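Data block for target_11.csv (CSV, C-alpha atoms and all ligand atoms):
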chain,number,residue,atom,x,y,z
D,18,MET,CA,-21.3,-27.8,-3.6
D,19,SER,CA,-23.0,-30.7,-5.4
D,20,LYS,CA,-21.3,-34.0,-5.9
D,21,PHE,CA,-20.9,-33.1,-9.6
D,22,ASP,CA,-19.3,-29.8,-8.7
D,23,ARG,CA,-16.9,-31.5,-6.3
D,24,ALA,CA,-16.0,-34.0,-9.1
D,25,ILE,CA,-15.2,-31.2,-11.5
D,26,VAL,CA,-13.0,-29.4,-8.9
D,27,ARG,CA,-11.0,-32.6,-8.6
D,28,VAL,CA,-10.4,-32.9,-12.3
D,29,LEU,CA,-9.7,-29.2,-12.9
D,30,PRO,CA,-5.9,-29.6,-12.8
D,31,ALA,CA,-6.1,-32.2,-15.5
D,32,MET,CA,-8.2,-30.0,-17.9
D,33,PRO,CA,-6.5,-28.3,-20.8
D,34,ARG,CA,-5.1,-24.9,-19.8
D,35,SER,CA,-7.0,-23.3,-22.7
D,36,LEU,CA,-10.3,-24.4,-21.1
D,37,VAL,CA,-9.2,-23.2,-17.6
D,38,ARG,CA,-8.2,-19.9,-19.2
D,39,ARG,CA,-11.6,-19.4,-20.8
D,40,ILE,CA,-13.7,-20.2,-17.8
D,41,SER,CA,-11.5,-18.2,-15.4
D,42,ASP,CA,-11.4,-15.2,-17.6
D,43,ARG,CA,-13.6,-13.0,-15.4
D,44,TYR,CA,-11.2,-13.4,-12.4
D,45,ILE,CA,-8.2,-11.8,-14.2
D,46,ALA,CA,-7.7,-8.4,-15.8
D,47,GLY,CA,-5.5,-9.7,-18.6
D,48,THR,CA,-1.9,-10.4,-19.2
D,49,THR,CA,-0.5,-6.9,-19.5
D,50,ILE,CA,-0.2,-3.8,-17.4
D,51,ALA,CA,-2.5,-2.0,-19.9
D,52,ASP,CA,-5.2,-4.6,-19.1
D,53,ALA,CA,-4.8,-3.8,-15.4
D,54,VAL,CA,-5.0,-0.1,-16.0
D,55,ARG,CA,-8.2,-0.4,-18.1
D,56,VAL,CA,-9.9,-2.6,-15.5
D,57,VAL,CA,-8.9,-0.4,-12.5
D,58,GLY,CA,-10.1,2.6,-14.5
D,59,GLN,CA,-13.5,0.9,-15.0
D,60,LEU,CA,-13.7,0.0,-11.3
D,61,ASN,CA,-12.8,3.5,-10.2
D,62,ALA,CA,-15.6,4.9,-12.4
D,63,GLN,CA,-18.0,2.7,-10.5
D,64,GLY,CA,-16.8,4.1,-7.2
D,65,LYS,CA,-14.6,1.1,-6.3
D,66,MET,CA,-11.0,1.2,-5.3
D,67,ALA,CA,-8.5,-1.5,-6.4
D,68,THR,CA,-5.4,-3.4,-5.4
D,69,VAL,CA,-3.3,-4.6,-8.2
D,70,ASP,CA,-1.5,-8.0,-8.0
D,71,VAL,CA,1.2,-9.0,-10.4
D,72,LEU,CA,0.4,-12.7,-10.8
D,73,GLY,CA,3.0,-15.2,-9.7
D,74,GLU,CA,4.4,-16.9,-6.7
D,75,GLU,CA,7.4,-19.0,-5.7
D,76,ALA,CA,10.1,-17.3,-7.7
D,77,ALA,CA,12.7,-19.9,-8.7
D,78,SER,CA,15.7,-17.6,-8.9
D,79,ARG,CA,17.1,-14.3,-7.7
D,80,ARG,CA,16.6,-13.0,-11.2
D,81,GLU,CA,13.0,-13.9,-11.2
D,82,THR,CA,12.5,-12.0,-7.9
D,83,GLN,CA,14.0,-8.9,-9.6
D,84,ASP,CA,11.5,-9.2,-12.4
D,85,PHE,CA,8.7,-8.9,-9.8
D,86,VAL,CA,10.3,-5.9,-8.2
D,87,ARG,CA,10.5,-4.2,-11.6
D,88,ALA,CA,7.0,-5.2,-12.5
D,89,TYR,CA,5.7,-3.6,-9.3
D,90,HIS,CA,7.7,-0.5,-10.0
D,91,ASP,CA,6.0,-0.2,-13.4
D,92,VAL,CA,2.6,-0.7,-11.7
D,93,PHE,CA,3.3,2.2,-9.3
D,94,GLU,CA,4.3,4.4,-12.3
D,95,ALA,CA,1.1,3.5,-14.1
D,96,ILE,CA,-1.1,4.1,-11.1
D,97,GLU,CA,0.4,7.6,-10.7
D,98,ARG,CA,0.4,8.4,-14.4
D,99,GLU,CA,-3.2,7.4,-14.9
D,100,ARG,CA,-4.3,8.9,-11.5
D,101,LEU,CA,-5.9,5.6,-10.5
D,102,ASP,CA,-7.3,4.9,-7.0
D,103,SER,CA,-5.3,1.7,-6.4
D,104,ASN,CA,-2.6,0.2,-4.2
D,105,VAL,CA,-0.8,-3.1,-4.8
D,106,SER,CA,-0.9,-6.6,-3.3
D,107,ILE,CA,2.3,-8.7,-3.3
D,108,LYS,CA,3.2,-12.3,-2.5
D,109,LEU,CA,6.5,-12.7,-0.6
D,110,THR,CA,7.4,-16.0,-2.3
D,111,ALA,CA,7.5,-14.0,-5.5
D,112,LEU,CA,10.1,-11.8,-3.8
D,113,GLY,CA,12.1,-14.8,-2.8
D,114,LEU,CA,10.9,-15.9,0.6
D,115,ASN,CA,11.4,-19.5,-0.3
D,116,LEU,CA,14.9,-18.8,-1.6
D,117,ALA,CA,16.4,-16.7,1.2
D,118,TYR,CA,14.9,-14.5,3.9
D,119,GLU,CA,17.5,-11.7,3.3
D,120,LEU,CA,16.8,-11.7,-0.4
D,121,CYS,CA,13.1,-11.3,0.2
D,122,ARG,CA,13.7,-8.6,2.8
D,123,THR,CA,15.8,-6.6,0.4
D,124,ASN,CA,13.3,-6.9,-2.4
D,125,LEU,CA,10.4,-6.1,-0.1
D,126,PHE,CA,12.1,-2.9,1.2
D,127,LYS,CA,12.6,-1.9,-2.4
D,128,VAL,CA,9.0,-2.3,-3.4
D,129,VAL,CA,7.8,-0.5,-0.3
D,130,ARG,CA,10.2,2.3,-1.0
D,131,HIS,CA,9.0,2.6,-4.6
D,132,ALA,CA,5.4,2.7,-3.2
D,133,ALA,CA,6.3,5.5,-0.8
D,134,GLU,CA,7.8,7.6,-3.6
D,135,SER,CA,4.3,7.9,-5.1
D,136,GLY,CA,2.4,8.0,-1.8
D,137,ASN,CA,1.2,4.4,-2.4
D,138,PHE,CA,0.6,1.4,-0.1
D,139,VAL,CA,1.7,-2.3,-0.2
D,140,ARG,CA,-0.5,-5.1,1.0
D,141,ILE,CA,1.5,-8.2,1.7
D,142,ASP,CA,-0.7,-11.2,0.8
D,143,MET,CA,-0.6,-14.2,3.2
D,144,GLU,CA,0.4,-17.5,1.7
D,145,ASP,CA,0.4,-21.0,3.2
D,146,SER,CA,1.2,-21.6,6.9
D,147,SER,CA,4.9,-22.4,6.2
D,148,THR,CA,5.3,-18.7,5.4
D,149,THR,CA,3.2,-17.1,8.2
D,150,SER,CA,5.9,-16.5,10.8
D,151,ASP,CA,8.4,-15.1,8.3
D,152,THR,CA,5.8,-12.9,6.7
D,153,LEU,CA,4.8,-11.4,10.1
D,154,GLU,CA,8.5,-11.0,11.0
D,155,LEU,CA,9.2,-9.0,7.8
D,156,TYR,CA,6.2,-6.8,8.5
D,157,ARG,CA,7.6,-6.2,12.0
D,158,GLU,CA,11.0,-5.3,10.6
D,159,LEU,CA,9.4,-2.8,8.2
D,160,ARG,CA,7.4,-1.2,11.0
D,161,ALA,CA,10.5,-1.1,13.3
D,162,GLU,CA,12.2,0.9,10.5
D,163,GLY,CA,9.4,3.4,10.6
D,164,VAL,CA,7.8,2.2,7.4
D,165,ASP,CA,4.0,2.4,7.6
D,166,ASN,CA,2.7,2.3,4.0
D,167,VAL,CA,2.4,-1.4,4.4
D,168,GLY,CA,-0.2,-3.9,5.6
D,169,ILE,CA,-0.6,-7.6,6.2
D,170,VAL,CA,-3.3,-10.3,5.8
D,171,LEU,CA,-4.5,-12.6,8.5
D,172,GLN,CA,-6.4,-15.8,7.9
D,173,ALA,CA,-9.4,-16.7,10.0
D,174,ALA,CA,-8.9,-20.4,9.2
D,175,LEU,CA,-5.6,-20.4,11.2
D,176,ARG,CA,-5.9,-21.0,15.0
D,177,ARG,CA,-2.9,-18.8,15.5
D,178,SER,CA,-4.5,-15.7,14.0
D,179,ILE,CA,-6.2,-14.5,17.2
D,180,ARG,CA,-2.8,-14.7,19.0
D,181,ASP,CA,-1.1,-12.9,16.1
D,182,ILE,CA,-3.7,-10.1,16.4
D,183,HIS,CA,-3.0,-9.7,20.1
D,184,ALA,CA,0.8,-9.8,19.6
D,185,LEU,CA,0.6,-7.2,16.8
D,186,ALA,CA,-2.0,-5.0,18.5
D,187,PRO,CA,0.5,-2.4,19.9
D,188,LEU,CA,1.5,-1.7,16.3
D,189,ARG,CA,-2.2,-1.1,15.3
D,190,PRO,CA,-1.5,-3.0,12.1
D,191,ASN,CA,-3.4,-2.3,8.9
D,192,VAL,CA,-4.9,-5.8,8.3
D,193,ARG,CA,-6.9,-7.5,5.5
D,194,LEU,CA,-8.9,-10.2,7.2
D,195,VAL,CA,-9.7,-13.3,5.0
D,196,LYS,CA,-10.9,-16.8,5.6
D,197,GLY,CA,-7.8,-18.3,4.1
D,198,ILE,CA,-7.5,-20.2,0.8
D,199,TYR,CA,-4.8,-22.8,1.6
D,200,VAL,CA,-5.5,-26.3,2.8
D,201,GLU,CA,-3.8,-26.7,6.2
D,202,PRO,CA,-3.5,-29.5,8.8
D,203,PRO,CA,-6.3,-29.6,11.4
D,204,LEU,CA,-3.8,-29.2,14.2
D,205,ILE,CA,-3.2,-25.6,13.1
D,206,ALA,CA,-6.4,-24.8,11.3
D,207,TYR,CA,-10.2,-24.9,11.7
D,208,GLU,CA,-11.7,-27.2,9.2
D,209,GLU,CA,-15.4,-26.7,9.5
D,210,TYR,CA,-17.0,-23.9,7.5
D,211,GLU,CA,-18.9,-22.6,10.5
D,212,GLU,CA,-15.8,-22.6,12.8
D,213,VAL,CA,-13.9,-20.5,10.2
D,214,ARG,CA,-16.8,-18.1,10.0
D,215,GLN,CA,-17.0,-17.8,13.8
D,216,ASN,CA,-13.3,-17.2,14.0
D,217,PHE,CA,-13.5,-14.5,11.3
D,218,VAL,CA,-16.0,-12.6,13.4
D,219,ARG,CA,-13.9,-13.0,16.6
D,220,CYS,CA,-10.8,-11.8,14.7
D,221,LEU,CA,-12.6,-8.9,13.2
D,222,HIS,CA,-13.9,-7.9,16.7
D,223,GLU,CA,-10.4,-8.0,18.1
D,224,LEU,CA,-8.9,-6.1,15.2
D,225,LEU,CA,-11.4,-3.3,15.6
D,226,GLN,CA,-10.9,-3.4,19.4
D,227,ALA,CA,-7.2,-2.9,18.8
D,228,GLY,CA,-7.9,0.2,16.6
D,229,SER,CA,-6.6,-1.4,13.5
D,230,TYR,CA,-7.6,-0.2,10.1
D,231,THR,CA,-9.3,-3.4,8.9
D,232,ALA,CA,-10.1,-4.6,5.4
D,233,ILE,CA,-13.0,-7.0,5.6
D,234,ALA,CA,-12.3,-9.3,2.6
D,235,THR,CA,-15.1,-11.7,2.0
D,236,HIS,CA,-18.0,-12.5,-0.3
D,237,ASP,CA,-19.9,-14.4,2.4
D,238,GLU,CA,-23.3,-12.7,3.0
D,239,LEU,CA,-23.2,-13.6,6.7
D,240,LEU,CA,-19.8,-12.1,7.2
D,241,LEU,CA,-20.7,-9.0,5.2
D,242,SER,CA,-23.6,-8.4,7.5
D,243,GLU,CA,-21.5,-9.0,10.6
D,244,GLY,CA,-18.9,-6.7,9.3
D,245,LYS,CA,-21.4,-3.9,8.7
D,246,ARG,CA,-22.9,-4.5,12.2
D,247,LEU,CA,-19.5,-4.3,13.9
D,248,VAL,CA,-18.3,-1.2,12.2
D,249,SER,CA,-21.6,0.5,12.8
D,250,GLU,CA,-21.7,-0.6,16.5
D,251,ARG,CA,-18.3,1.1,16.9
D,252,GLY,CA,-19.5,4.2,15.1
D,253,LEU,CA,-16.6,4.0,12.5
D,254,THR,CA,-16.7,6.5,9.7
D,255,ARG,CA,-16.4,5.2,6.1
D,256,ASP,CA,-12.7,6.0,5.9
D,257,GLU,CA,-11.8,4.0,9.0
D,258,TYR,CA,-12.4,0.5,7.4
D,259,GLU,CA,-13.0,-1.0,4.0
D,260,PHE,CA,-14.5,-4.1,2.4
D,261,GLN,CA,-12.6,-6.0,-0.2
D,262,MET,CA,-13.6,-8.5,-2.9
D,263,LEU,CA,-12.0,-10.4,-5.7
D,264,LEU,CA,-12.4,-9.3,-9.4
D,265,GLY,CA,-15.3,-11.3,-11.0
D,266,VAL,CA,-16.9,-12.5,-7.8
D,267,ARG,CA,-20.3,-11.5,-6.5
D,268,GLU,CA,-20.5,-8.3,-8.5
D,269,LEU,CA,-24.1,-7.5,-7.5
D,270,ALA,CA,-23.2,-7.7,-3.8
D,271,ALA,CA,-20.2,-5.5,-4.5
D,272,GLY,CA,-22.5,-2.9,-6.1
D,273,ARG,CA,-24.8,-3.0,-3.1
D,274,LEU,CA,-21.9,-2.2,-0.7
D,275,VAL,CA,-20.9,0.8,-2.7
D,276,ARG,CA,-24.5,2.0,-3.0
D,277,ASP,CA,-24.9,1.7,0.8
D,278,GLY,CA,-21.9,4.0,1.2
D,279,HIS,CA,-19.2,1.6,2.2
D,280,ARG,CA,-15.7,1.8,0.7
D,281,LEU,CA,-14.9,-1.3,-1.4
D,282,ARG,CA,-11.6,-2.4,-2.9
D,283,ILE,CA,-11.4,-5.0,-5.7
D,284,TYR,CA,-8.4,-7.3,-6.0
D,285,VAL,CA,-7.2,-7.0,-9.6
D,286,PRO,CA,-4.7,-9.7,-10.7
D,287,PHE,CA,-2.9,-9.5,-14.0
D,288,GLY,CA,0.1,-11.1,-15.7
D,289,GLU,CA,1.3,-14.1,-17.7
D,290,ARG,CA,1.3,-16.4,-14.7
D,291,TRP,CA,-2.4,-16.7,-14.4
D,292,TYR,CA,-2.8,-20.5,-14.0
D,293,ARG,CA,-2.4,-21.2,-10.3
D,294,TYR,CA,-4.5,-18.2,-9.3
D,295,SER,CA,-7.2,-19.3,-11.8
D,296,LEU,CA,-7.4,-22.8,-10.4
D,297,ARG,CA,-7.8,-21.5,-6.8
D,298,ARG,CA,-10.7,-19.3,-7.9
D,299,LEU,CA,-12.4,-22.0,-9.9
D,300,GLN,CA,-12.1,-24.4,-7.0
D,301,GLU,CA,-14.0,-21.9,-4.8
D,302,ASN,CA,-16.7,-21.3,-7.3
D,303,PRO,CA,-19.8,-23.1,-6.0
D,304,LYS,CA,-21.2,-23.4,-9.5
D,305,ILE,CA,-18.1,-24.6,-11.2
D,306,ALA,CA,-19.7,-27.5,-13.1
D,307,GLY,CA,-22.2,-25.1,-14.6
D,308,TYR,CA,-19.4,-22.9,-15.9
D,309,VAL,CA,-17.5,-25.8,-17.4
D,310,ALA,CA,-20.7,-27.2,-19.0
D,311,SER,CA,-21.7,-23.9,-20.5
D,312,ASP,CA,-18.2,-23.2,-21.9
D,313,THR,CA,-18.2,-26.7,-23.5
D,314,LEU,CA,-21.7,-26.0,-25.0
D,315,ASN,CA,-20.5,-22.7,-26.2
D,316,ARG,CA,-17.6,-24.2,-28.0
D,317,LEU,CA,-19.7,-27.0,-29.5
D,318,PHE,CA,-22.7,-24.9,-30.6
D,319,GLY,CA,-21.6,-21.3,-30.4
D,320,ALA,CA,-24.3,-20.7,-27.8
D,321,ASP,CA,-23.7,-18.5,-24.8
D,322,GLY,CA,-24.7,-20.8,-22.0
D,323,ARG,CA,-23.6,-18.5,-19.2
J,401,LIG,C1,-9.6,-9.1,-1.6
J,401,LIG,C2,-9.2,-10.5,-1.2
J,401,LIG,C3,-7.9,-10.8,-1.0
J,401,LIG,C4,-7.6,-12.1,-0.5
J,401,LIG,N1,-6.3,-12.3,-0.1
J,401,LIG,C5,-6.0,-13.6,0.4
J,401,LIG,C6,-4.7,-13.8,0.9
J,401,LIG,O1,-3.8,-13.0,0.9
J,401,LIG,N2,-4.5,-15.1,1.5
J,401,LIG,C7,-5.4,-16.0,1.5
J,401,LIG,O2,-5.2,-17.1,2.0
J,401,LIG,N3,-6.6,-15.8,1.0
J,401,LIG,C8,-6.9,-14.6,0.4
J,401,LIG,N4,-8.2,-14.4,-0.1
J,401,LIG,C9,-9.1,-15.5,-0.3
J,401,LIG,C10,-9.9,-15.8,0.9
J,401,LIG,O3,-9.1,-16.4,1.9
J,401,LIG,C11,-11.1,-16.8,0.5
J,401,LIG,O4,-10.5,-18.0,0.0
J,401,LIG,C12,-12.1,-16.2,-0.5
J,401,LIG,O5,-12.3,-14.9,-0.2
J,401,LIG,C13,-13.4,-17.0,-0.4
J,401,LIG,O6,-13.9,-16.9,0.9
J,401,LIG,P1,-15.3,-16.0,1.3
J,401,LIG,O7,-15.0,-15.3,2.6
J,401,LIG,O8,-15.6,-15.2,0.1
J,401,LIG,O9,-16.4,-17.1,1.5
J,401,LIG,P2,-16.9,-18.3,0.7
J,401,LIG,O10,-17.8,-19.1,1.6
J,401,LIG,O11,-15.8,-19.1,0.0
J,401,LIG,O12,-17.7,-17.6,-0.5
J,401,LIG,C14,-19.0,-16.9,-0.2
J,401,LIG,C15,-19.8,-16.9,-1.4
J,401,LIG,O13,-19.1,-16.1,-2.4
J,401,LIG,C16,-19.2,-16.6,-3.7
J,401,LIG,N5,-17.9,-17.0,-4.2
J,401,LIG,C17,-16.8,-17.1,-3.5
J,401,LIG,N6,-15.7,-17.4,-4.3
J,401,LIG,C18,-16.2,-17.5,-5.6
J,401,LIG,C19,-15.7,-17.8,-6.9
J,401,LIG,N7,-14.4,-18.0,-7.0
J,401,LIG,N8,-16.5,-17.7,-7.9
J,401,LIG,C20,-17.8,-17.4,-7.8
J,401,LIG,N9,-18.4,-17.2,-6.6
J,401,LIG,C21,-17.6,-17.2,-5.5
J,401,LIG,C22,-20.1,-17.7,-3.6
J,401,LIG,O14,-21.5,-17.3,-3.8
J,401,LIG,C23,-19.9,-18.2,-2.2
J,401,LIG,O15,-21.0,-18.9,-1.7
J,401,LIG,C24,-8.6,-13.1,-0.5
J,401,LIG,C25,-9.9,-12.7,-0.7
J,401,LIG,C26,-10.2,-11.4,-1.0
J,401,LIG,C27,-11.7,-11.1,-1.2
For this file, write the structure as structure tokens.
Amino acid sequence: MSKFDRAIVRVLPAMPRSLVRRISDRYIAGTTIADAVRVVGQLNAQGKMATVDVLGEEAASRRETQDFVRAYHDVFEAIERERLDSNVSIKLTALGLNLAYELCRTNLFKVVRHAAESGNFVRIDMEDSSTTSDTLELYRELRAEGVDNVGIVLQAALRRSIRDIHALAPLRPNVRLVKGIYVEPPLIAYEEYEEVRQNFVRCLHELLQAGSYTAIATHDELLLSEGKRLVSERGLTRDEYEFQMLLGVRELAAGRLVRDGHRLRIYVPFGERWYRYSLRRLQENPKIAGYVASDTLNRLFGADGR
């Protein structure tokens, strides 16, 4: 990232929401369930699977957590009605993890039950490190109850992830492996870009070794190659792993994966609470200054600078 890009990233939170909204448009399906249905339909037509996320995190009240449970129920109904190839991704703080463990547990069991009723699957997103242990504990509780239409996310940036993989291995967990988006203290997390990459490959190797169904979630060219190499070395068939990417990111690379015969799932967020997700995506965009500049030009002169 250039110095200018880094400067833009720092001032993003101070920019007007309307500007953030415009330049982050491509990362989000829209605000309504109809928007999500339309985008997932388009992805499916391109041979890509989806995972739908109802935007929002850190619910502030029991009532708000119930709104999320209902919203996911509607998503399962829409997926079934429209015969879409999609599961869902969910954040446990939206279900009340920061309010009370038991509340979150009850809500999570409800969502997973709704999913099971239509033969669907729930991916529990991983949030910052204050939630890791509780998230994995809730996953264990579900599995102990015989629930297996559920998977977790592990972050290569966290030093503990390799131990978590070994501890969970007997369950052969369904895992999405990511680098990790949250800024964590060096005591518990790798800071260097190369260290995170190396740990990603180590974690992927261990997950495959454990026989886990693994979703390799990255846009990093080196990790995509390593992922392809490792699954081919193990002779896995195309339904024994998948790649995952975020909506609006590296679409050409996504197309190549599908053309090469790999299964690819796209993360499709929708909803009114788009702001925090959008900021995170923009902060990761290596060409952020260019986007802000072209949007500004566009507004001033009506030119499409993208
Ligand atoms: C399907 C999916 C689900 C995820 N779920 C979680 C989760 O539950 N918890 C969590 O902590 N993190 C999650 N993440 C985010 C993840 O941790 C990383 O922050 C994110 O994927 C960027 O890392 P990368 O591996 O793509 O590598 P990077 O090095 O960040 O990116 C590689 C290249 O991809 C392109 N790129 C990446 N991001 C953007 C962008 N926003 N705009 C334009 N180009 C971009 C650039 O060309 C960049 O050089 C998820 C990611 C994916 C793909």
Each residue of chain D lying at most 7 Å from ligand LIG 401 (chain J) should get a row with its shortest atom-to-atom pair and the distance in Å to one decimal, counting all atoms listed in the file; could you produce that, ordered by chain and increasing number, as a tab-separated table?
residue	atom	partner	partner_atom	distance
D:Asp142	CA	J:LIG401	O1	3.6
D:Met143	CA	J:LIG401	O1	4.1
D:Glu144	CA	J:LIG401	N2	5.5
D:Asp145	CA	J:LIG401	O2	6.9
D:Val170	CA	J:LIG401	O1	5.6
D:Gln172	CA	J:LIG401	O2	6.2
D:Val195	CA	J:LIG401	O3	4.4
D:Lys196	CA	J:LIG401	O3	4.1
D:Gly197	CA	J:LIG401	O3	3.2
D:Ile198	CA	J:LIG401	O4	3.8
D:Tyr199	CA	J:LIG401	O2	5.7
D:Ala234	CA	J:LIG401	C27	4.2
D:Thr235	CA	J:LIG401	O7	3.7
D:His236	CA	J:LIG401	O8	3.6
D:Asp237	CA	J:LIG401	C14	3.7
D:Glu238	CA	J:LIG401	C14	6.8
D:Gln261	CA	J:LIG401	C1	4.5
D:Met262	CA	J:LIG401	C27	3.6
D:Leu263	CA	J:LIG401	C27	4.6
D:Val266	CA	J:LIG401	C20	5.0
D:Arg267	CA	J:LIG401	C16	5.9
D:Ile283	CA	J:LIG401	C1	6.1
D:Tyr284	CA	J:LIG401	C1	4.9
D:Arg298	CA	J:LIG401	N7	4.0
D:Leu299	CA	J:LIG401	N7	5.3
D:Gln300	CA	J:LIG401	N7	6.8
D:Glu301	CA	J:LIG401	N7	4.5
D:Asn302	CA	J:LIG401	N8	3.7
D:Pro303	CA	J:LIG401	C22	5.9
Kindly give the distance, in Å, that separates atom CA of Glu97 of chain D and atom CA of Val57 of chain D, rounded to a single decimal.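 Separating atom CA of Glu97 of chain D from atom CA of Val57 of chain D is a distance of 12.4 Å.
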Box time for segment 196-203 of chain D: axis-aligned, enclosing all its listed atoms, 8 Å extra on each side; report centre and edge lengths in Å to one decimal, as AutoDock Vina command-line options.
--center_x -7.2 --center_y -23.2 --center_z 6.1 --size_x 23.4 --size_y 28.8 --size_z 26.6
Write out as a Markdown table the residues of segment 131-192 of chain D that have any atom within 7 Å of an atom of segment 207-212 of chain D, one row each with the nearest atom pair and its distance in Å to one decimal, counting only C-alpha atoms, sorted by chain and then rising number.
| residue | atom | partner | partner_atom | distance |
| --- | --- | --- | --- | --- |
| D:Ala174 | CA | D:Tyr207 | CA | 5.3 |
| D:Leu175 | CA | D:Tyr207 | CA | 6.5 |
| D:Arg176 | CA | D:Tyr207 | CA | 6.7 |
Give me, please, the distance in Å between atom CA of Arg38 of chain D and atom CA of Val128 of chain D, quoted to one decimal. 29.2 Å
As a ChimeraX atom specification, please: the residues near segment 246-254 of chain D (cut-off 12 Å, only C-alpha atoms, same-chain neighbours under 2 positions excluded). /D:218-233,239-244,256-260,278-280
Hey, which of D:Ser147, D:Ile182, D:Lys65, D:Ser35 ends up closest to Arg273 of chain D? Count all atoms listed in the file.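 Checking each candidate against Arg273 of chain D, we get D:Lys65 as the closest.
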Which of these residues is nearest to Gln59 of chain D, using all atoms listed in the file: D:Asn166, D:Ser19, D:Ser103, D:Gln83?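 Closest candidate: D:Ser103.
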With a distance cut-off of 12 Å and all atoms listed in the file, select the neighbouring residues of Asn115 of chain D, excluding the residue or stretch itself and same-chain residues fewer than 2 positions from it, and output the selection as a ChimeraX atom specification. /D:74-79,82,108-113,117-122,144-145,147-148,151-152
